[in-house]
file start-v6.csv (CSV, C-alpha atoms)
chain,number,residue,atom,x,y,z
A,1,MET,CA,-20.6,-28.3,-17.4
A,2,LEU,CA,-20.9,-25.3,-15.1
A,3,GLU,CA,-24.4,-23.7,-14.8
A,4,LEU,CA,-25.5,-20.6,-13.0
A,5,LYS,CA,-29.3,-20.6,-12.8
A,6,GLY,CA,-31.4,-17.7,-11.7
A,7,ILE,CA,-28.7,-16.2,-9.5
A,8,HIS,CA,-29.8,-13.4,-7.1
A,9,LYS,CA,-27.1,-11.5,-5.2
A,10,TYR,CA,-27.6,-8.5,-2.9
A,11,TYR,CA,-25.0,-6.5,-1.1
A,12,ASN,CA,-25.8,-4.8,2.2
A,13,PRO,CA,-29.4,-6.1,2.3
A,14,GLY,CA,-31.8,-4.2,4.5
A,15,THR,CA,-29.6,-1.1,4.6
A,16,VAL,CA,-29.7,2.2,2.8
A,17,ASN,CA,-26.7,0.9,0.8
A,18,GLU,CA,-28.5,-2.2,-0.4
A,19,MET,CA,-27.5,-3.1,-4.0
A,20,CYS,CA,-28.8,-5.8,-6.2
A,21,LEU,CA,-25.9,-7.0,-8.4
A,22,PHE,CA,-27.4,-10.1,-9.9
A,23,GLN,CA,-31.1,-10.6,-10.6
A,24,ASN,CA,-32.0,-13.9,-12.3
A,25,PHE,CA,-28.5,-14.2,-13.8
A,26,ASN,CA,-28.0,-17.2,-16.0
A,27,LEU,CA,-24.8,-18.6,-17.5
A,28,THR,CA,-23.8,-22.0,-18.8
A,29,ILE,CA,-20.2,-23.0,-19.5
A,30,ASP,CA,-19.6,-26.2,-21.4
A,31,ASN,CA,-16.8,-28.7,-20.5
A,32,GLY,CA,-13.5,-27.7,-22.1
A,33,GLU,CA,-14.5,-24.0,-22.8
A,34,PHE,CA,-12.0,-21.3,-22.1
A,35,VAL,CA,-14.0,-18.2,-21.3
A,36,SER,CA,-12.4,-14.7,-21.2
A,37,VAL,CA,-14.5,-12.3,-19.0
A,38,VAL,CA,-14.2,-8.5,-19.4
A,39,GLY,CA,-16.1,-5.6,-18.0
A,40,SER,CA,-15.7,-2.4,-16.1
A,41,ASN,CA,-15.2,-2.2,-12.3
A,42,GLY,CA,-18.3,-3.2,-10.5
A,43,SER,CA,-19.8,-5.1,-13.5
A,44,GLY,CA,-19.9,-8.4,-11.6
A,45,LYS,CA,-16.8,-10.2,-13.0
A,46,THR,CA,-15.1,-11.0,-9.7
A,47,SER,CA,-18.4,-11.4,-7.8
A,48,MET,CA,-19.3,-14.1,-10.3
A,49,LEU,CA,-16.1,-15.9,-9.6
A,50,ASN,CA,-16.6,-15.6,-5.9
A,51,ILE,CA,-20.1,-17.0,-6.2
A,52,ILE,CA,-18.8,-20.0,-8.2
A,53,CYS,CA,-16.0,-20.7,-5.7
A,54,GLY,CA,-18.3,-20.2,-2.7
A,55,SER,CA,-16.4,-17.2,-1.3
A,56,ILE,CA,-19.7,-15.3,-1.1
A,57,PRO,CA,-23.3,-16.7,-0.7
A,58,VAL,CA,-26.3,-16.0,-3.0
A,59,GLU,CA,-29.8,-15.1,-2.0
A,60,GLY,CA,-31.4,-17.2,-4.7
A,61,GLY,CA,-30.6,-19.5,-7.7
A,62,GLN,CA,-28.5,-22.6,-8.2
A,63,ILE,CA,-24.9,-23.4,-9.1
A,64,LEU,CA,-24.3,-26.7,-10.7
A,65,ILE,CA,-21.3,-28.6,-11.8
A,66,ASN,CA,-22.1,-31.5,-14.2
A,67,GLY,CA,-25.6,-31.5,-12.8
A,68,SER,CA,-24.6,-31.6,-9.2
A,69,ASP,CA,-26.0,-28.8,-7.1
A,70,ILE,CA,-23.2,-27.1,-5.1
A,71,THR,CA,-25.1,-23.9,-4.2
A,72,LYS,CA,-24.9,-24.6,-0.4
A,73,GLN,CA,-21.6,-26.4,-0.5
A,74,LYS,CA,-18.8,-24.8,1.6
A,75,GLU,CA,-15.9,-23.2,-0.2
A,76,PHE,CA,-13.3,-25.7,1.0
A,77,LYS,CA,-15.4,-28.6,-0.4
A,78,ARG,CA,-15.8,-26.8,-3.8
A,79,ASN,CA,-12.0,-26.4,-3.8
A,80,ARG,CA,-11.8,-30.2,-4.4
A,81,ARG,CA,-13.2,-29.6,-7.9
A,82,ILE,CA,-12.2,-26.0,-8.6
A,83,GLY,CA,-8.8,-24.4,-8.8
A,84,ARG,CA,-8.3,-20.7,-8.6
A,85,VAL,CA,-5.4,-18.4,-9.4
A,86,TYR,CA,-5.6,-14.9,-7.9
A,87,GLN,CA,-4.1,-11.5,-8.9
A,88,ASN,CA,-1.6,-11.7,-6.0
A,89,PRO,CA,1.1,-14.5,-6.7
A,90,ALA,CA,1.4,-14.9,-2.9
A,91,MET,CA,-2.1,-16.3,-2.6
A,92,GLY,CA,-1.8,-19.4,-4.7
A,93,THR,CA,1.1,-21.1,-3.0
A,94,CYS,CA,2.5,-21.6,0.6
A,95,PRO,CA,5.7,-19.5,0.8
A,96,SER,CA,7.1,-21.3,3.9
A,97,MET,CA,7.0,-24.7,2.2
A,98,THR,CA,9.2,-26.0,-0.5
A,99,ILE,CA,8.3,-26.5,-4.2
A,100,LEU,CA,8.0,-30.2,-3.6
A,101,GLU,CA,5.7,-29.7,-0.6
A,102,ASN,CA,3.5,-27.3,-2.5
A,103,MET,CA,3.2,-29.7,-5.4
A,104,SER,CA,2.4,-32.6,-3.0
A,105,LEU,CA,-0.4,-30.5,-1.4
A,106,ALA,CA,-1.9,-29.8,-4.8
A,107,ASP,CA,-1.6,-33.4,-5.8
A,108,ASN,CA,-3.4,-34.6,-2.7
A,109,LYS,CA,-6.2,-31.9,-2.9
A,110,GLY,CA,-9.5,-33.4,-1.8
A,111,LYS,CA,-8.0,-36.7,-0.6
A,112,VAL,CA,-7.9,-38.1,2.9
A,113,PHE,CA,-4.4,-37.7,4.3
A,114,GLY,CA,-4.7,-39.8,7.4
A,115,LEU,CA,-1.4,-40.4,9.2
A,116,SER,CA,0.6,-41.1,6.0
A,117,ARG,CA,3.5,-38.9,4.9
A,118,GLY,CA,2.4,-35.7,3.1
A,119,THR,CA,5.0,-36.2,0.4
A,120,ASN,CA,4.9,-39.4,-1.7
A,121,LYS,CA,8.4,-40.0,-3.0
A,122,SER,CA,7.1,-42.1,-5.9
A,123,ARG,CA,5.5,-38.9,-7.3
A,124,ILE,CA,8.6,-36.7,-7.3
A,125,GLU,CA,9.5,-37.5,-10.8
A,126,TYR,CA,6.0,-36.7,-11.9
A,127,TYR,CA,6.2,-33.3,-10.2
A,128,ARG,CA,9.5,-32.7,-12.0
A,129,GLU,CA,7.9,-33.5,-15.4
A,130,GLN,CA,5.0,-31.1,-14.7
A,131,LEU,CA,7.3,-28.3,-13.5
A,132,SER,CA,9.6,-28.7,-16.5
A,133,GLN,CA,6.7,-27.8,-18.8
A,134,LEU,CA,6.9,-24.3,-17.4
A,135,GLY,CA,10.4,-23.8,-18.8
A,136,LEU,CA,11.5,-21.9,-15.7
A,137,GLY,CA,14.0,-24.5,-14.2
A,138,LEU,CA,11.8,-25.1,-11.2
A,139,GLU,CA,12.1,-28.8,-11.6
A,140,ASP,CA,15.7,-28.4,-10.3
A,141,LYS,CA,14.7,-26.4,-7.2
A,142,MET,CA,12.4,-28.9,-5.5
A,143,ASP,CA,13.9,-28.2,-2.1
A,144,VAL,CA,13.7,-24.4,-2.4
A,145,LYS,CA,11.0,-22.6,-0.4
A,146,VAL,CA,8.4,-21.0,-2.6
A,147,GLY,CA,8.8,-17.7,-0.8
A,148,ALA,CA,12.2,-17.3,-2.4
A,149,LEU,CA,10.9,-17.4,-5.9
A,150,SER,CA,10.0,-14.5,-8.1
A,151,GLY,CA,6.4,-13.4,-8.5
A,152,GLY,CA,6.3,-14.8,-12.1
A,153,GLN,CA,7.7,-18.2,-10.9
A,154,ARG,CA,5.1,-18.3,-8.1
A,155,GLN,CA,2.3,-17.5,-10.4
A,156,ALA,CA,3.4,-20.1,-12.9
A,157,MET,CA,3.4,-22.7,-10.0
A,158,ALA,CA,0.0,-21.5,-8.8
A,159,LEU,CA,-1.3,-22.0,-12.3
A,160,LEU,CA,0.1,-25.5,-12.6
A,161,MET,CA,-1.3,-26.4,-9.1
A,162,SER,CA,-4.7,-25.2,-10.0
A,163,THR,CA,-5.2,-27.2,-13.1
A,164,MET,CA,-8.2,-29.2,-12.0
A,165,THR,CA,-10.8,-26.6,-13.0
A,166,PRO,CA,-9.1,-23.2,-13.3
A,167,ILE,CA,-10.7,-19.9,-12.4
A,168,LEU,CA,-8.3,-17.1,-13.2
A,169,ASP,CA,-8.9,-13.9,-11.3
A,170,GLU,CA,-6.9,-11.3,-13.2
A,171,HIS,CA,-3.9,-13.6,-12.7
A,172,THR,CA,-1.5,-11.4,-14.8
A,173,ALA,CA,-2.5,-8.1,-13.2
A,174,ALA,CA,0.3,-7.9,-10.6
A,175,LEU,CA,3.1,-9.0,-13.1
A,176,ASP,CA,5.4,-6.9,-15.3
A,177,PRO,CA,4.5,-7.0,-19.0
A,178,LYS,CA,7.1,-9.6,-20.0
A,179,THR,CA,6.2,-12.0,-17.2
A,180,ALA,CA,2.5,-11.5,-17.9
A,181,GLU,CA,3.0,-12.6,-21.5
A,182,LEU,CA,4.9,-15.7,-20.3
A,183,ILE,CA,2.1,-16.6,-17.8
A,184,MET,CA,-0.6,-16.1,-20.5
A,185,GLN,CA,1.4,-18.4,-22.9
A,186,LEU,CA,1.7,-21.0,-20.1
A,187,THR,CA,-2.0,-20.6,-19.4
A,188,ASP,CA,-3.0,-21.3,-23.0
A,189,LYS,CA,-0.6,-24.2,-23.2
A,190,ILE,CA,-1.8,-25.9,-20.0
A,191,VAL,CA,-5.5,-25.3,-20.7
A,192,LYS,CA,-5.3,-26.8,-24.2
A,193,GLU,CA,-3.1,-29.8,-23.2
A,194,LYS,CA,-5.4,-30.7,-20.3
A,195,ASN,CA,-8.7,-29.7,-22.0
A,196,LEU,CA,-9.6,-27.7,-18.9
A,197,THR,CA,-12.8,-25.8,-18.4
A,198,THR,CA,-11.5,-22.3,-17.6
A,199,ILE,CA,-12.9,-18.9,-16.7
A,200,MET,CA,-10.4,-16.0,-17.0
A,201,VAL,CA,-11.3,-12.5,-15.7
A,202,THR,CA,-9.0,-9.9,-17.3
A,203,HIS,CA,-8.8,-6.1,-17.9
A,204,ASN,CA,-6.4,-6.8,-20.8
A,205,LEU,CA,-8.6,-6.7,-23.9
A,206,ARG,CA,-5.8,-8.1,-26.1
A,207,TYR,CA,-5.6,-11.2,-23.9
A,208,ALA,CA,-9.4,-11.5,-24.0
A,209,ILE,CA,-9.3,-11.5,-27.8
A,210,GLU,CA,-6.2,-13.6,-28.3
A,211,TYR,CA,-6.9,-16.3,-25.7
A,212,GLY,CA,-9.8,-18.6,-25.1
A,213,ASN,CA,-12.7,-19.8,-27.4
A,214,ARG,CA,-15.4,-17.7,-25.8
A,215,LEU,CA,-15.7,-14.0,-24.7
A,216,VAL,CA,-18.2,-12.7,-22.2
A,217,MET,CA,-18.6,-9.0,-21.3
A,218,MET,CA,-20.3,-8.1,-18.0
A,219,HIS,CA,-22.1,-4.9,-17.2
A,220,GLN,CA,-24.2,-4.2,-14.1
A,221,GLY,CA,-24.6,-7.9,-13.3
A,222,ASN,CA,-25.6,-8.9,-16.9
A,223,ALA,CA,-23.7,-10.6,-19.7
A,224,ILE,CA,-24.2,-8.0,-22.4
A,225,LEU,CA,-21.9,-9.7,-24.9
A,226,ASP,CA,-21.3,-13.5,-25.4
A,227,LYS,CA,-19.4,-14.6,-28.4
A,228,LYS,CA,-17.8,-18.0,-29.0
A,229,GLY,CA,-16.0,-20.0,-31.7
A,230,GLU,CA,-16.0,-18.2,-35.1
A,231,GLU,CA,-17.9,-15.2,-33.8
A,232,LYS,CA,-15.3,-14.6,-31.2
A,233,ALA,CA,-12.4,-15.1,-33.6
A,234,LYS,CA,-13.8,-12.3,-35.8
A,235,MET,CA,-13.8,-9.8,-32.9
A,236,SER,CA,-11.1,-7.2,-32.4
A,237,VAL,CA,-10.0,-5.0,-29.5
A,238,ASP,CA,-11.6,-2.1,-31.2
A,239,ASP,CA,-15.0,-3.9,-31.2
A,240,ILE,CA,-14.8,-4.3,-27.4
A,241,LEU,CA,-13.6,-0.7,-26.9
A,242,ALA,CA,-16.5,0.5,-29.0
A,243,LEU,CA,-18.9,-1.3,-26.7
A,244,PHE,CA,-17.2,0.1,-23.6
A,245,ASN,CA,-17.5,3.6,-25.0
A,246,GLU,CA,-21.2,3.0,-25.8
A,247,ILE,CA,-21.8,1.9,-22.2
A,248,SER,CA,-19.9,4.8,-20.8
A,249,ILE,CA,-22.0,7.3,-22.8
A,250,GLU,CA,-25.2,5.6,-21.7
A,251,CYS,CA,-24.1,5.9,-18.1
A,252,GLY,CA,-23.3,9.6,-18.5
A,253,ASN,CA,-19.5,9.2,-18.2
call {"tool": "encode", "arguments": {"input": "start-v6.csv", "output": "structure tokens"}}
result
Amino acid sequence: MLELKGIHKYYNPGTVNEMCLFQNFNLTIDNGEFVSVVGSNGSGKTSMLNIICGSIPVEGGQILINGSDITKQKEFKRNRRIGRVYQNPAMGTCPSMTILENMSLADNKGKVFGLSRGTNKSRIEYYREQLSQLGLGLEDKMDVKVGALSGGQRQAMALLMSTMTPILDEHTAALDPKTAELIMQLTDKIVKEKNLTTIMVTHNLRYAIEYGNRLVMMHQGNAILDKKGEEKAKMSVDDILALFNEISIECGN
């Protein structure tokens, strides 16, 4: 279970540009939930992900994973329990290393390496099996450097490597429509098979409706819509667009 309790986040504190994004913000995500997060620019979507991952600090409140307080934990330590896939396919993998070496790094995440070899040969067949699930033929390119792969192939690898506790930061935004569809299908398949707790930020309202079992809409640092299960299943893209338009009119846009 992931819990955000009483989160306070200010940008540019003590200056004329001071802005309070989150004020006593609360959100609980149960184990195994796949949450799609939508909202306009500046609504707090990516800031929430950064707070969870430890990329930015908070001025108040608590972040807990299964009851353990990680609020003051460094980002690299949180990465042992949290996997993140970014918009840019280049950010989730190491381009100068081979597919095998990248898979080995992900496999050993959070473990003590010591002076042992970085690649365990007994795990190679396991890596092949994992890669074969992607249906991209990467299991036959284990010695190919990741930098030589297409953006879609790299993003698929990053997704697979992050499957401890995925946080998906608009991970299809930089891909062409056909590749984006493939990555979303792979995302859904991996999340369901591994029963992962997942947060996906997206600007694609159709993806938000079609994927996941919970939908959260952010606005000015608040969750103004939170639907799960049957309630989410009954929602349509038009429902979300109507809420976006309502907000836009209230804000004078």
call {"tool": "atom_distance", "arguments": {"input": "start-v6.csv", "atom1": "CA of Leu21 in chain A", "atom2": "CA of Lys5 in chain A"}}
result
14.7 Å
call {"tool": "closest_residue", "arguments": {"input": "start-v6.csv", "among": "A:Glu170, A:Glu231, A:Ile199, A:Asn102", "to": "Arg154 in chain A", "atoms": "only C-alpha atoms"}}
result
A:Asn102
call {"tool": "closest_residue", "arguments": {"input": "start-v6.csv", "among": "A:Lys45, A:Lys227, A:Lys74, A:Arg214", "to": "Thr198 in chain A", "atoms": "all atoms listed in the file"}}
result
A:Arg214
call {"tool": "atom_distance", "arguments": {"input": "start-v6.csv", "atom1": "CA of Thr46 in chain A", "atom2": "CA of Val201 in chain A"}}
result
7.3 Å
call {"tool": "closest_atom_pairs", "arguments": {"input": "start-v6.csv", "of": "range 167-246 of chain A", "to": "range 130-141 of chain A", "cutoff": "12 Å", "atoms": "only C-alpha atoms", "output": "Markdown table"}}
result
| residue | atom | partner | partner_atom | distance |
| --- | --- | --- | --- | --- |
| A:Thr179 | CA | A:Leu136 | CA | 11.3 |
| A:Leu182 | CA | A:Leu134 | CA | 9.3 |
| A:Ile183 | CA | A:Leu134 | CA | 9.1 |
| A:Met184 | CA | A:Leu134 | CA | 11.5 |
| A:Gln185 | CA | A:Leu134 | CA | 9.8 |
| A:Leu186 | CA | A:Leu134 | CA | 6.7 |
| A:Thr187 | CA | A:Leu134 | CA | 9.8 |
| A:Asp188 | CA | A:Leu134 | CA | 11.8 |
| A:Lys189 | CA | A:Gln133 | CA | 9.3 |
| A:Ile190 | CA | A:Gln133 | CA | 8.8 |
| A:Glu193 | CA | A:Gln133 | CA | 10.9 |
| A:Lys194 | CA | A:Gln130 | CA | 11.8 |
call {"tool": "atom_distance", "arguments": {"input": "start-v6.csv", "atom1": "CA of Asp169 in chain A", "atom2": "CA of Asn66 in chain A"}}
result
22.2 Å
call {"tool": "closest_residue", "arguments": {"input": "start-v6.csv", "among": "A:Pro95, A:Gly14, A:Gly39, A:Gly6", "to": "Asn204 in chain A", "atoms": "only C-alpha atoms"}}
result
A:Gly39
call {"tool": "closest_residue", "arguments": {"input": "start-v6.csv", "among": "A:Met161, A:Ile70, A:Val85, A:Met218", "to": "Phe22 in chain A", "atoms": "all atoms listed in the file"}}
result
A:Met218
